[in-house]
Amino acid sequence: MKALYFAWVRERIGLAEEEIAPPASVTTVAELMDWLKGRGENYAAAFANERTIRAALDRRHAKPDAPIAAAKEVAFFPPMTGG
Amino acid sequence: MKALYFAWVRERIGLAEEEIAPPASVTTVAELMDWLKGRGENYAAAFANERTIRAALDRRHAKPDAPIAAAKEVAFFPPMTGG
Amino acid sequence: MKILRLQKEPFTAAEIAPLTEGRSDIGALVTFTGLCRDEEGRLAALEIEHYPGMAEAEIERVVDEACRRWPLEGVLVIHRYGLIRPGEPIVLVATASKHRTEAFAAAQFLMDYLKTHAPFWKREHGPNGRVGDWVGAREEDEAAVRRWGG
Amino acid sequence: MKILRLQKEPFTAAEIAPLTEGRSDIGALVTFTGLCRDEEGRLAALEIEHYPGMAEAEIERVVDEACRRWPLEGVLVIHRYGLIRPGEPIVLVATASKHRTEAFAAAQFLMDYLKTHAPFWKREHGPNGRVGDWVGAREEDEAAVRRWGG
């Protein structure tokens with residue numbers, strides 16, 4: 001699946017997007033964050049405080065317990081500050 | 001004092017403005033309405049339902065019990081429907 | 001900045017430009033435009049009668065009260081009188097503030113007060129030049145203004 | 001009518017004209033313009049990052065929800081991204097309805113949701129080209145959106 005990162009999540013990871021292939025045991029948004037944390041210090045820094053990270057699956061907001069199975073695109077970002 | 005009438009109050013009385021000289025015993029807006037009612041059928045029709053009439057003294061909204069003593073201009077009109 | 005105007009002529013949204021021109025301390029601008037509806041063809045025009053002198057004074061009092069209640073950087077009120085055709089604007093209110101909550105609240109306050117306190121009276125003109133009834137005050141408007149207290 | 005747009009370029013109040021043009025069934029038009037403040041000179045520009053594709057989709061979802069909640073005759077949302085200078089507009093929301101209560105409520109609902117749900121992130125640029133911090137979400141905005149339920 002494609003992973004996108006925005007704002008300071010993008011900056012901390014050092015990537016705007018990448019292809020990821022989590023194992024089958026990773027089934028929810030929260031589990032995916034945990035799995036990403038293990039990929040390096042930059043990911044660990046980005047996801048250090050999971051409560052401040054929002055996620056979207058296929059361009060729709062998704063809660064931590066949302067299943068990622070069917071998603072082609074996942075995105076992680078800070079709380080939004082538009083408008 | 002000068003009396004002004006607006007909207008259907010003006011139409012029922014048949015006058016937009018006039019000079020009036022109520023006796024000294026007429027001291028409040030409500031008493032002035034009562035006194036005006038006695039001036040003819042047109043006034044009686046205009047002030048038939050006093051609760052639907054609003055008043056202003058010197059271009060400020062005034063309650064029925066407001067004293068008219070110092071006013072140079074009194075106005076009577078229906079509830080406002082601007083905006 | 002305070003722009004208060006009573007006029008016969010129509011106006012456009014461009015009237016609000018002076019409120020924000022050259023300013024970089026305004027974060028929120030709310031406008032309300034009241035427009036003349038044709039009521040499914042029942043209405044050919046609205047006639048608005050006003051009390052010259054008091055209309056201006058009352059608009060100013062309402063605006064001053066809004067400025068006491070909220071930190072406004074600018075306020076505009078333009079109200080028309082005379083004959084107004086369907087689709088034309090009747091009233092324009094604009095409020096500028098640092099944040100949106102204050103600008104929205106002040107604009108609603110101004111409209112609620114103008115509707116019930118500013119001395120304007122509407123009368124409907126029907127098709128074929130028939131002069132219709134004076135528009136009655138709406139209980140919703142009386143209720144809306146009560147929420148602001150005072 | 002529904003006008004939803006994402007753009008880099010500034011816009012003016014004239015953008016709302018199509019909402020009411022040729023219409024005589026709209027009684028109330030509310031607009032909100034969000035503008036870039038210079039924060040007493042601390043800010044030279046705002047940079048707005050967005051999530052292309054999701055930003056459009058989320059704006060459309062929020063607008064559709066507003067149209068379900070209130071009888072709207074027209075809605076406009078224009079949101080900018082990229083570099084925005086103090087005094088320039090960031091977002092424009094407009095709602096057209098028969099009566100003012102609905103137009104005001106829908107415009108506030110749209111702004112509250114856009115602030116907290118549309119994928120935009122602001123970063124402050126200081127004087128001398130210094131790139132500053134990402135703007136934090138405001139608790140007031142989170143509280144504001146909760147009042148709408150759901």
# chains A, B, ... in the order shown; residues from 1 in each chain; ligands from 1
call {"tool": "closest_atom_pairs", "arguments": {"of": "region 106-141 of chain D", "to": "region 3-9 of chain D", "cutoff": "12 Å", "atoms": "only C-alpha atoms", "output": "Markdown table"}}
result
| residue | atom | partner | partner_atom | distance |
| --- | --- | --- | --- | --- |
| D:Ala118 | CA | D:Leu6 | CA | 11.5 |
| D:Pro119 | CA | D:Leu6 | CA | 11.8 |
| D:Phe120 | CA | D:Leu6 | CA | 11.0 |
call {"tool": "write_last_selection", "arguments": {"atoms": "N, CA, C and O atoms", "output": "compact mmCIF listing (two decimals), in the first residue's frame"}}
result
# COMPACT_ATOMS: atom_id res chain seq x y z
N ALA D 118 -10.63 19.28 7.29
CA ALA D 118 -10.04 19.34 5.94
C ALA D 118 -8.52 19.29 6.06
O ALA D 118 -7.93 19.99 6.89
N PRO D 119 -7.86 18.44 5.27
CA PRO D 119 -6.42 18.20 5.44
C PRO D 119 -5.55 19.34 4.90
O PRO D 119 -5.04 19.28 3.79
N PHE D 120 -5.47 20.39 5.74
CA PHE D 120 -4.58 21.52 5.48
C PHE D 120 -3.75 21.74 6.74
O PHE D 120 -4.25 21.55 7.85
call {"tool": "interface_residues", "arguments": {"of": "chain A", "to": "chain D", "cutoff": "10 Å", "atoms": "only C-alpha atoms", "output": "ChimeraX atom specification"}}
result
/A:4-8,52,54,56-61,75,77-83
call {"tool": "interface_residues", "arguments": {"of": "chain C", "to": "chain D", "cutoff": "7 Å", "atoms": "only C-alpha atoms", "output": "list in words"}}
result
Ala13, Ala14, Arg23, Ser24, Asp25, Ile26, Gly27, Ala28, Leu29, Val30, Thr31, Phe32, Thr33, Gly34, Leu35, Cys36, Arg37, Asp38, Glu39, Pro86 and Gly87 of chain C
call {"tool": "write_last_selection", "arguments": {"atoms": "C-alpha atoms", "output": "PDB file, in the first residue's frame"}}
result
ATOM      1  CA  ALA C  13     -20.381  42.924  -2.289  1.00  0.00           C
ATOM      2  CA  ALA C  14     -17.534  45.252  -3.311  1.00  0.00           C
ATOM      3  CA  ARG C  23      -5.049  45.748   7.025  1.00  0.00           C
ATOM      4  CA  SER C  24      -3.077  42.716   8.145  1.00  0.00           C
ATOM      5  CA  ASP C  25      -4.546  42.340  11.625  1.00  0.00           C
ATOM      6  CA  ILE C  26      -7.952  41.007  10.570  1.00  0.00           C
ATOM      7  CA  GLY C  27      -8.371  37.243  10.543  1.00  0.00           C
ATOM      8  CA  ALA C  28     -12.100  36.939   9.974  1.00  0.00           C
ATOM      9  CA  LEU C  29     -14.643  38.798   7.886  1.00  0.00           C
ATOM     10  CA  VAL C  30     -18.307  37.806   7.984  1.00  0.00           C
ATOM     11  CA  THR C  31     -20.922  39.333   5.709  1.00  0.00           C
ATOM     12  CA  PHE C  32     -24.671  39.001   5.612  1.00  0.00           C
ATOM     13  CA  THR C  33     -26.699  40.092   2.596  1.00  0.00           C
ATOM     14  CA  GLY C  34     -30.476  40.162   2.821  1.00  0.00           C
ATOM     15  CA  LEU C  35     -32.096  39.821  -0.589  1.00  0.00           C
ATOM     16  CA  CYS C  36     -35.581  40.423  -1.928  1.00  0.00           C
ATOM     17  CA  ARG C  37     -37.373  37.152  -2.750  1.00  0.00           C
ATOM     18  CA  ASP C  38     -40.177  36.988  -5.303  1.00  0.00           C
ATOM     19  CA  GLU C  39     -42.171  34.472  -3.193  1.00  0.00           C
ATOM     20  CA  PRO C  86     -36.732  40.536  -6.434  1.00  0.00           C
ATOM     21  CA  GLY C  87     -33.107  39.448  -6.514  1.00  0.00           C
TER      22      GLY C  87
END
call {"tool": "calpha_fit_and_write", "arguments": {"fixed": "chain A", "moving": "chain B", "output": "PDB file with N, CA and C atoms, in the first residue's frame"}}
result
ATOM      1  N   MET B   1       0.845  -1.179  -0.009  1.00  0.00           N
ATOM      2  CA  MET B   1      -0.001   0.009  -0.017  1.00  0.00           C
ATOM      3  C   MET B   1       0.876   1.260  -0.040  1.00  0.00           C
ATOM      4  N   LYS B   2       0.236   2.345  -0.454  1.00  0.00           N
ATOM      5  CA  LYS B   2       0.974   3.603  -0.522  1.00  0.00           C
ATOM      6  C   LYS B   2       0.778   4.359   0.796  1.00  0.00           C
ATOM      7  N   ALA B   3       1.880   4.851   1.341  1.00  0.00           N
ATOM      8  CA  ALA B   3       1.776   5.648   2.569  1.00  0.00           C
ATOM      9  C   ALA B   3       2.188   7.083   2.273  1.00  0.00           C
ATOM     10  N   LEU B   4       1.368   8.020   2.758  1.00  0.00           N
ATOM     11  CA  LEU B   4       1.669   9.449   2.573  1.00  0.00           C
ATOM     12  C   LEU B   4       1.842  10.102   3.947  1.00  0.00           C
ATOM     13  N   TYR B   5       2.758  11.049   4.007  1.00  0.00           N
ATOM     14  CA  TYR B   5       2.999  11.765   5.263  1.00  0.00           C
ATOM     15  C   TYR B   5       2.918  13.267   5.002  1.00  0.00           C
ATOM     16  N   PHE B   6       2.315  13.986   5.953  1.00  0.00           N
ATOM     17  CA  PHE B   6       2.159  15.437   5.764  1.00  0.00           C
ATOM     18  C   PHE B   6       2.685  16.234   6.964  1.00  0.00           C
ATOM     19  N   ALA B   7       3.020  17.491   6.657  1.00  0.00           N
ATOM     20  CA  ALA B   7       3.433  18.470   7.670  1.00  0.00           C
ATOM     21  C   ALA B   7       4.590  17.921   8.499  1.00  0.00           C
ATOM     22  N   TRP B   8       4.540  18.037   9.848  1.00  0.00           N
ATOM     23  CA  TRP B   8       5.733  17.606  10.600  1.00  0.00           C
ATOM     24  C   TRP B   8       5.892  16.089  10.649  1.00  0.00           C
ATOM     25  N   VAL B   9       4.879  15.330  10.335  1.00  0.00           N
ATOM     26  CA  VAL B   9       5.061  13.876  10.223  1.00  0.00           C
ATOM     27  C   VAL B   9       5.983  13.592   9.031  1.00  0.00           C
ATOM     28  N   ARG B  10       5.704  14.262   7.931  1.00  0.00           N
ATOM     29  CA  ARG B  10       6.551  14.157   6.734  1.00  0.00           C
ATOM     30  C   ARG B  10       7.996  14.588   7.031  1.00  0.00           C
ATOM     31  N   GLU B  11       8.134  15.703   7.730  1.00  0.00           N
ATOM     32  CA  GLU B  11       9.476  16.220   8.022  1.00  0.00           C
ATOM     33  C   GLU B  11      10.269  15.283   8.920  1.00  0.00           C
ATOM     34  N   ARG B  12       9.610  14.749   9.943  1.00  0.00           N
ATOM     35  CA  ARG B  12      10.339  13.873  10.875  1.00  0.00           C
ATOM     36  C   ARG B  12      10.752  12.563  10.209  1.00  0.00           C
ATOM     37  N   ILE B  13       9.854  12.038   9.380  1.00  0.00           N
ATOM     38  CA  ILE B  13      10.190  10.793   8.678  1.00  0.00           C
ATOM     39  C   ILE B  13      11.189  11.073   7.565  1.00  0.00           C
ATOM     40  N   GLY B  14      11.071  12.258   6.953  1.00  0.00           N
ATOM     41  CA  GLY B  14      11.993  12.606   5.875  1.00  0.00           C
ATOM     42  C   GLY B  14      11.523  12.113   4.519  1.00  0.00           C
ATOM     43  N   LEU B  15      10.254  11.766   4.449  1.00  0.00           N
ATOM     44  CA  LEU B  15       9.662  11.259   3.202  1.00  0.00           C
ATOM     45  C   LEU B  15       8.248  11.814   3.063  1.00  0.00           C
ATOM     46  N   ALA B  16       7.844  12.114   1.831  1.00  0.00           N
ATOM     47  CA  ALA B  16       6.463  12.533   1.594  1.00  0.00           C
ATOM     48  C   ALA B  16       5.586  11.325   1.295  1.00  0.00           C
ATOM     49  N   GLU B  17       6.173  10.322   0.648  1.00  0.00           N
ATOM     50  CA  GLU B  17       5.405   9.105   0.394  1.00  0.00           C
ATOM     51  C   GLU B  17       6.318   7.932   0.123  1.00  0.00           C
ATOM     52  N   GLU B  18       5.777   6.758   0.303  1.00  0.00           N
ATOM     53  CA  GLU B  18       6.539   5.528   0.048  1.00  0.00           C
ATOM     54  C   GLU B  18       5.565   4.356  -0.096  1.00  0.00           C
ATOM     55  N   GLU B  19       6.072   3.279  -0.686  1.00  0.00           N
ATOM     56  CA  GLU B  19       5.301   2.033  -0.712  1.00  0.00           C
ATOM     57  C   GLU B  19       5.641   1.246   0.543  1.00  0.00           C
ATOM     58  N   ILE B  20       4.634   0.762   1.235  1.00  0.00           N
ATOM     59  CA  ILE B  20       4.912  -0.077   2.402  1.00  0.00           C
ATOM     60  C   ILE B  20       4.197  -1.414   2.240  1.00  0.00           C
ATOM     61  N   ALA B  21       4.759  -2.439   2.896  1.00  0.00           N
ATOM     62  CA  ALA B  21       4.147  -3.770   2.821  1.00  0.00           C
ATOM     63  C   ALA B  21       4.131  -4.387   4.213  1.00  0.00           C
ATOM     64  N   PRO B  22       3.217  -3.910   5.060  1.00  0.00           N
ATOM     65  CA  PRO B  22       3.158  -4.442   6.422  1.00  0.00           C
ATOM     66  C   PRO B  22       2.744  -5.916   6.392  1.00  0.00           C
ATOM     67  N   PRO B  23       3.222  -6.704   7.383  1.00  0.00           N
ATOM     68  CA  PRO B  23       2.848  -8.123   7.444  1.00  0.00           C
ATOM     69  C   PRO B  23       1.352  -8.273   7.719  1.00  0.00           C
ATOM     70  N   ALA B  24       0.802  -9.429   7.445  1.00  0.00           N
ATOM     71  CA  ALA B  24      -0.633  -9.680   7.588  1.00  0.00           C
ATOM     72  C   ALA B  24      -1.116  -9.484   9.024  1.00  0.00           C
ATOM     73  N   SER B  25      -0.174  -9.596   9.975  1.00  0.00           N
ATOM     74  CA  SER B  25      -0.567  -9.440  11.388  1.00  0.00           C
ATOM     75  C   SER B  25      -0.939  -7.990  11.726  1.00  0.00           C
ATOM     76  N   VAL B  26      -0.556  -7.047  10.859  1.00  0.00           N
ATOM     77  CA  VAL B  26      -0.891  -5.626  11.070  1.00  0.00           C
ATOM     78  C   VAL B  26      -2.245  -5.358  10.433  1.00  0.00           C
ATOM     79  N   THR B  27      -3.288  -5.206  11.256  1.00  0.00           N
ATOM     80  CA  THR B  27      -4.640  -5.137  10.685  1.00  0.00           C
ATOM     81  C   THR B  27      -5.341  -3.796  10.883  1.00  0.00           C
ATOM     82  N   THR B  28      -4.863  -2.977  11.843  1.00  0.00           N
ATOM     83  CA  THR B  28      -5.546  -1.702  12.098  1.00  0.00           C
ATOM     84  C   THR B  28      -4.595  -0.529  11.915  1.00  0.00           C
ATOM     85  N   VAL B  29      -5.166   0.658  11.880  1.00  0.00           N
ATOM     86  CA  VAL B  29      -4.372   1.884  11.773  1.00  0.00           C
ATOM     87  C   VAL B  29      -3.384   1.970  12.924  1.00  0.00           C
ATOM     88  N   ALA B  30      -3.827   1.667  14.137  1.00  0.00           N
ATOM     89  CA  ALA B  30      -2.952   1.748  15.314  1.00  0.00           C
ATOM     90  C   ALA B  30      -1.796   0.753  15.184  1.00  0.00           C
ATOM     91  N   GLU B  31      -2.112  -0.440  14.728  1.00  0.00           N
ATOM     92  CA  GLU B  31      -1.056  -1.447  14.571  1.00  0.00           C
ATOM     93  C   GLU B  31      -0.070  -1.031  13.471  1.00  0.00           C
ATOM     94  N   LEU B  32      -0.579  -0.374  12.461  1.00  0.00           N
ATOM     95  CA  LEU B  32       0.288   0.094  11.388  1.00  0.00           C
ATOM     96  C   LEU B  32       1.255   1.159  11.905  1.00  0.00           C
ATOM     97  N   MET B  33       0.762   2.039  12.774  1.00  0.00           N
ATOM     98  CA  MET B  33       1.632   3.054  13.367  1.00  0.00           C
ATOM     99  C   MET B  33       2.729   2.381  14.179  1.00  0.00           C
ATOM    100  N   ASP B  34       2.354   1.388  14.981  1.00  0.00           N
ATOM    101  CA  ASP B  34       3.337   0.656  15.787  1.00  0.00           C
ATOM    102  C   ASP B  34       4.390   0.004  14.895  1.00  0.00           C
ATOM    103  N   TRP B  35       3.924  -0.582  13.835  1.00  0.00           N
ATOM    104  CA  TRP B  35       4.842  -1.262  12.912  1.00  0.00           C
ATOM    105  C   TRP B  35       5.800  -0.249  12.262  1.00  0.00           C
ATOM    106  N   LEU B  36       5.250   0.891  11.864  1.00  0.00           N
ATOM    107  CA  LEU B  36       6.084   1.926  11.245  1.00  0.00           C
ATOM    108  C   LEU B  36       7.150   2.432  12.224  1.00  0.00           C
ATOM    109  N   LYS B  37       6.795   2.567  13.478  1.00  0.00           N
ATOM    110  CA  LYS B  37       7.736   3.014  14.517  1.00  0.00           C
ATOM    111  C   LYS B  37       8.997   2.162  14.535  1.00  0.00           C
ATOM    112  N   GLY B  38       8.833   0.887  14.221  1.00  0.00           N
ATOM    113  CA  GLY B  38       9.969  -0.025  14.250  1.00  0.00           C
ATOM    114  C   GLY B  38      10.896   0.111  13.059  1.00  0.00           C
ATOM    115  N   ARG B  39      10.533   0.973  12.116  1.00  0.00           N
ATOM    116  CA  ARG B  39      11.338   1.085  10.898  1.00  0.00           C
ATOM    117  C   ARG B  39      12.510   2.042  11.019  1.00  0.00           C
ATOM    118  N   GLY B  40      12.673   2.675  12.179  1.00  0.00           N
ATOM    119  CA  GLY B  40      13.823   3.568  12.328  1.00  0.00           C
ATOM    120  C   GLY B  40      13.533   4.703  13.283  1.00  0.00           C
ATOM    121  N   GLU B  41      14.596   5.388  13.671  1.00  0.00           N
ATOM    122  CA  GLU B  41      14.454   6.487  14.635  1.00  0.00           C
ATOM    123  C   GLU B  41      13.561   7.602  14.104  1.00  0.00           C
ATOM    124  N   ASN B  42      13.676   7.864  12.799  1.00  0.00           N
ATOM    125  CA  ASN B  42      12.861   8.932  12.217  1.00  0.00           C
ATOM    126  C   ASN B  42      11.377   8.601  12.358  1.00  0.00           C
ATOM    127  N   TYR B  43      10.996   7.356  12.101  1.00  0.00           N
ATOM    128  CA  TYR B  43       9.602   6.952  12.280  1.00  0.00           C
ATOM    129  C   TYR B  43       9.213   7.008  13.763  1.00  0.00           C
ATOM    130  N   ALA B  44      10.110   6.530  14.609  1.00  0.00           N
ATOM    131  CA  ALA B  44       9.829   6.537  16.048  1.00  0.00           C
ATOM    132  C   ALA B  44       9.569   7.962  16.526  1.00  0.00           C
ATOM    133  N   ALA B  45      10.361   8.909  15.986  1.00  0.00           N
ATOM    134  CA  ALA B  45      10.183  10.313  16.379  1.00  0.00           C
ATOM    135  C   ALA B  45       8.843  10.849  15.865  1.00  0.00           C
ATOM    136  N   ALA B  46       8.509  10.498  14.639  1.00  0.00           N
ATOM    137  CA  ALA B  46       7.265  10.988  14.044  1.00  0.00           C
ATOM    138  C   ALA B  46       6.041  10.470  14.804  1.00  0.00           C
ATOM    139  N   PHE B  47       6.100   9.208  15.218  1.00  0.00           N
ATOM    140  CA  PHE B  47       4.934   8.593  15.857  1.00  0.00           C
ATOM    141  C   PHE B  47       5.073   8.514  17.377  1.00  0.00           C
ATOM    142  N   ALA B  48       6.017   9.282  17.937  1.00  0.00           N
ATOM    143  CA  ALA B  48       6.284   9.207  19.383  1.00  0.00           C
ATOM    144  C   ALA B  48       4.999   9.412  20.188  1.00  0.00           C
ATOM    145  N   ASN B  49       4.229  10.418  19.812  1.00  0.00           N
ATOM    146  CA  ASN B  49       2.989  10.683  20.532  1.00  0.00           C
ATOM    147  C   ASN B  49       1.807  10.390  19.610  1.00  0.00           C
ATOM    148  N   GLU B  50       1.362   9.132  19.664  1.00  0.00           N
ATOM    149  CA  GLU B  50       0.348   8.692  18.699  1.00  0.00           C
ATOM    150  C   GLU B  50      -0.956   9.471  18.791  1.00  0.00           C
ATOM    151  N   ARG B  51      -1.221  10.028  19.972  1.00  0.00           N
ATOM    152  CA  ARG B  51      -2.493  10.740  20.141  1.00  0.00           C
ATOM    153  C   ARG B  51      -2.530  12.038  19.324  1.00  0.00           C
ATOM    154  N   THR B  52      -1.365  12.520  18.909  1.00  0.00           N
ATOM    155  CA  THR B  52      -1.349  13.756  18.117  1.00  0.00           C
ATOM    156  C   THR B  52      -1.312  13.452  16.620  1.00  0.00           C
ATOM    157  N   ILE B  53      -1.402  12.184  16.260  1.00  0.00           N
ATOM    158  CA  ILE B  53      -1.365  11.816  14.839  1.00  0.00           C
ATOM    159  C   ILE B  53      -2.761  11.440  14.353  1.00  0.00           C
ATOM    160  N   ARG B  54      -3.125  11.961  13.199  1.00  0.00           N
ATOM    161  CA  ARG B  54      -4.394  11.601  12.575  1.00  0.00           C
ATOM    162  C   ARG B  54      -4.081  10.716  11.365  1.00  0.00           C
ATOM    163  N   ALA B  55      -5.032   9.900  10.968  1.00  0.00           N
ATOM    164  CA  ALA B  55      -4.811   9.011   9.828  1.00  0.00           C
ATOM    165  C   ALA B  55      -5.978   9.072   8.866  1.00  0.00           C
ATOM    166  N   ALA B  56      -5.707   8.762   7.612  1.00  0.00           N
ATOM    167  CA  ALA B  56      -6.770   8.636   6.613  1.00  0.00           C
ATOM    168  C   ALA B  56      -6.528   7.365   5.823  1.00  0.00           C
ATOM    169  N   LEU B  57      -7.593   6.685   5.466  1.00  0.00           N
ATOM    170  CA  LEU B  57      -7.520   5.510   4.593  1.00  0.00           C
ATOM    171  C   LEU B  57      -8.258   5.848   3.313  1.00  0.00           C
ATOM    172  N   ASP B  58      -7.577   5.725   2.196  1.00  0.00           N
ATOM    173  CA  ASP B  58      -8.181   6.086   0.914  1.00  0.00           C
ATOM    174  C   ASP B  58      -8.897   7.435   0.976  1.00  0.00           C
ATOM    175  N   ARG B  59      -8.184   8.401   1.581  1.00  0.00           N
ATOM    176  CA  ARG B  59      -8.637   9.808   1.602  1.00  0.00           C
ATOM    177  C   ARG B  59      -9.880  10.065   2.434  1.00  0.00           C
ATOM    178  N   ARG B  60     -10.105   9.186   3.415  1.00  0.00           N
ATOM    179  CA  ARG B  60     -11.166   9.418   4.396  1.00  0.00           C
ATOM    180  C   ARG B  60     -10.562   9.300   5.781  1.00  0.00           C
ATOM    181  N   HIS B  61     -10.986  10.170   6.703  1.00  0.00           N
ATOM    182  CA  HIS B  61     -10.476  10.075   8.071  1.00  0.00           C
ATOM    183  C   HIS B  61     -10.728   8.680   8.624  1.00  0.00           C
ATOM    184  N   ALA B  62      -9.744   8.164   9.369  1.00  0.00           N
ATOM    185  CA  ALA B  62      -9.868   6.820   9.933  1.00  0.00           C
ATOM    186  C   ALA B  62      -9.428   6.832  11.390  1.00  0.00           C
ATOM    187  N   LYS B  63     -10.181   6.127  12.228  1.00  0.00           N
ATOM    188  CA  LYS B  63      -9.856   6.001  13.662  1.00  0.00           C
ATOM    189  C   LYS B  63      -8.734   4.974  13.832  1.00  0.00           C
ATOM    190  N   PRO B  64      -8.063   4.994  15.012  1.00  0.00           N
ATOM    191  CA  PRO B  64      -6.963   4.029  15.256  1.00  0.00           C
ATOM    192  C   PRO B  64      -7.402   2.574  15.097  1.00  0.00           C
ATOM    193  N   ASP B  65      -8.674   2.271  15.398  1.00  0.00           N
ATOM    194  CA  ASP B  65      -9.097   0.868  15.317  1.00  0.00           C
ATOM    195  C   ASP B  65      -9.656   0.492  13.941  1.00  0.00           C
ATOM    196  N   ALA B  66      -9.556   1.412  12.963  1.00  0.00           N
ATOM    197  CA  ALA B  66     -10.084   1.106  11.625  1.00  0.00           C
ATOM    198  C   ALA B  66      -9.240   0.024  10.963  1.00  0.00           C
ATOM    199  N   PRO B  67      -9.862  -0.959  10.311  1.00  0.00           N
ATOM    200  CA  PRO B  67      -9.103  -2.018   9.629  1.00  0.00           C
ATOM    201  C   PRO B  67      -8.487  -1.486   8.336  1.00  0.00           C
ATOM    202  N   ILE B  68      -7.237  -1.848   8.092  1.00  0.00           N
ATOM    203  CA  ILE B  68      -6.536  -1.293   6.925  1.00  0.00           C
ATOM    204  C   ILE B  68      -6.618  -2.212   5.716  1.00  0.00           C
ATOM    205  N   ALA B  69      -7.205  -3.380   5.894  1.00  0.00           N
ATOM    206  CA  ALA B  69      -7.179  -4.439   4.884  1.00  0.00           C
ATOM    207  C   ALA B  69      -7.421  -3.963   3.452  1.00  0.00           C
ATOM    208  N   ALA B  70      -8.533  -3.251   3.244  1.00  0.00           N
ATOM    209  CA  ALA B  70      -8.952  -2.937   1.882  1.00  0.00           C
ATOM    210  C   ALA B  70      -8.305  -1.673   1.324  1.00  0.00           C
ATOM    211  N   ALA B  71      -7.527  -0.963   2.153  1.00  0.00           N
ATOM    212  CA  ALA B  71      -7.038   0.355   1.727  1.00  0.00           C
ATOM    213  C   ALA B  71      -5.866   0.270   0.765  1.00  0.00           C
ATOM    214  N   LYS B  72      -5.900   1.122  -0.234  1.00  0.00           N
ATOM    215  CA  LYS B  72      -4.771   1.231  -1.157  1.00  0.00           C
ATOM    216  C   LYS B  72      -3.829   2.359  -0.745  1.00  0.00           C
ATOM    217  N   GLU B  73      -4.373   3.326   0.022  1.00  0.00           N
ATOM    218  CA  GLU B  73      -3.573   4.497   0.390  1.00  0.00           C
ATOM    219  C   GLU B  73      -3.834   4.835   1.855  1.00  0.00           C
ATOM    220  N   VAL B  74      -2.754   4.981   2.605  1.00  0.00           N
ATOM    221  CA  VAL B  74      -2.896   5.406   3.993  1.00  0.00           C
ATOM    222  C   VAL B  74      -2.112   6.700   4.150  1.00  0.00           C
ATOM    223  N   ALA B  75      -2.622   7.597   4.988  1.00  0.00           N
ATOM    224  CA  ALA B  75      -1.911   8.863   5.210  1.00  0.00           C
ATOM    225  C   ALA B  75      -1.863   9.154   6.703  1.00  0.00           C
ATOM    226  N   PHE B  76      -0.742   9.733   7.133  1.00  0.00           N
ATOM    227  CA  PHE B  76      -0.582  10.144   8.535  1.00  0.00           C
ATOM    228  C   PHE B  76      -0.221  11.620   8.570  1.00  0.00           C
ATOM    229  N   PHE B  77      -0.835  12.323   9.513  1.00  0.00           N
ATOM    230  CA  PHE B  77      -0.605  13.775   9.583  1.00  0.00           C
ATOM    231  C   PHE B  77      -1.006  14.318  10.948  1.00  0.00           C
ATOM    232  N   PRO B  78      -0.551  15.542  11.266  1.00  0.00           N
ATOM    233  CA  PRO B  78      -0.951  16.160  12.538  1.00  0.00           C
ATOM    234  C   PRO B  78      -2.401  16.629  12.461  1.00  0.00           C
ATOM    235  N   PRO B  79      -2.979  17.020  13.616  1.00  0.00           N
ATOM    236  CA  PRO B  79      -4.312  17.629  13.573  1.00  0.00           C
ATOM    237  C   PRO B  79      -4.326  18.769  12.561  1.00  0.00           C
ATOM    238  N   MET B  80      -5.424  18.913  11.876  1.00  0.00           N
ATOM    239  CA  MET B  80      -5.507  19.868  10.772  1.00  0.00           C
ATOM    240  C   MET B  80      -5.646  21.304  11.269  1.00  0.00           C
ATOM    241  N   THR B  81      -5.103  22.228  10.494  1.00  0.00           N
ATOM    242  CA  THR B  81      -5.142  23.638  10.877  1.00  0.00           C
ATOM    243  C   THR B  81      -5.463  24.517   9.670  1.00  0.00           C
ATOM    244  N   GLY B  82      -6.420  24.073   8.889  1.00  0.00           N
ATOM    245  CA  GLY B  82      -6.807  24.871   7.722  1.00  0.00           C
ATOM    246  C   GLY B  82      -7.773  25.974   8.095  1.00  0.00           C
ATOM    247  N   GLY B  83      -8.380  26.528   7.052  1.00  0.00           N
ATOM    248  CA  GLY B  83      -9.468  27.503   7.228  1.00  0.00           C
ATOM    249  C   GLY B  83      -8.998  28.878   7.648  1.00  0.00           C
TER     250      GLY B  83
END
call {"tool": "select_by_dssp", "arguments": {"residues": "chain A", "states": "strand (DSSP E)", "output": "PyMOL selection string"}}
result
chain A and resi 2-5+17-19+54-57+60-62+73-77
call {"tool": "select_by_dssp", "arguments": {"residues": "chain B", "states": "alpha helix (DSSP H)", "output": "list of chain:residue names"}}
result
B:Ala7, B:Trp8, B:Val9, B:Arg10, B:Glu11, B:Arg12, B:Ile13, B:Val29, B:Ala30, B:Glu31, B:Leu32, B:Met33, B:Asp34, B:Trp35, B:Leu36, B:Lys37, B:Glu41, B:Asn42, B:Tyr43, B:Ala44, B:Ala45, B:Ala46
call {"tool": "write_last_selection", "arguments": {"atoms": "C-alpha atoms", "output": "compact mmCIF listing (two decimals), in the first residue's frame"}}
result
# COMPACT_ATOMS: atom_id res chain seq x y z
CA ALA B 7 -46.59 52.32 7.80
CA TRP B 8 -50.18 51.23 8.55
CA VAL B 9 -50.44 53.61 11.51
CA ARG B 10 -49.85 56.44 9.05
CA GLU B 11 -52.35 54.98 6.58
CA ARG B 12 -55.11 54.48 9.13
CA ILE B 13 -54.72 57.96 10.56
CA VAL B 29 -46.67 57.30 25.91
CA ALA B 30 -49.65 55.08 26.82
CA GLU B 31 -51.70 58.07 27.93
CA LEU B 32 -50.80 59.87 24.73
CA MET B 33 -52.10 56.94 22.69
CA ASP B 34 -55.36 57.01 24.66
CA TRP B 35 -55.67 60.73 24.10
CA LEU B 36 -55.01 60.36 20.37
CA LYS B 37 -57.71 57.67 20.13
CA GLU B 41 -62.37 57.20 14.19
CA ASN B 42 -59.19 57.12 12.12
CA TYR B 43 -57.07 57.44 15.28
CA ALA B 44 -59.25 54.92 17.10
CA ALA B 45 -58.69 52.47 14.24
CA ALA B 46 -54.94 53.06 14.20
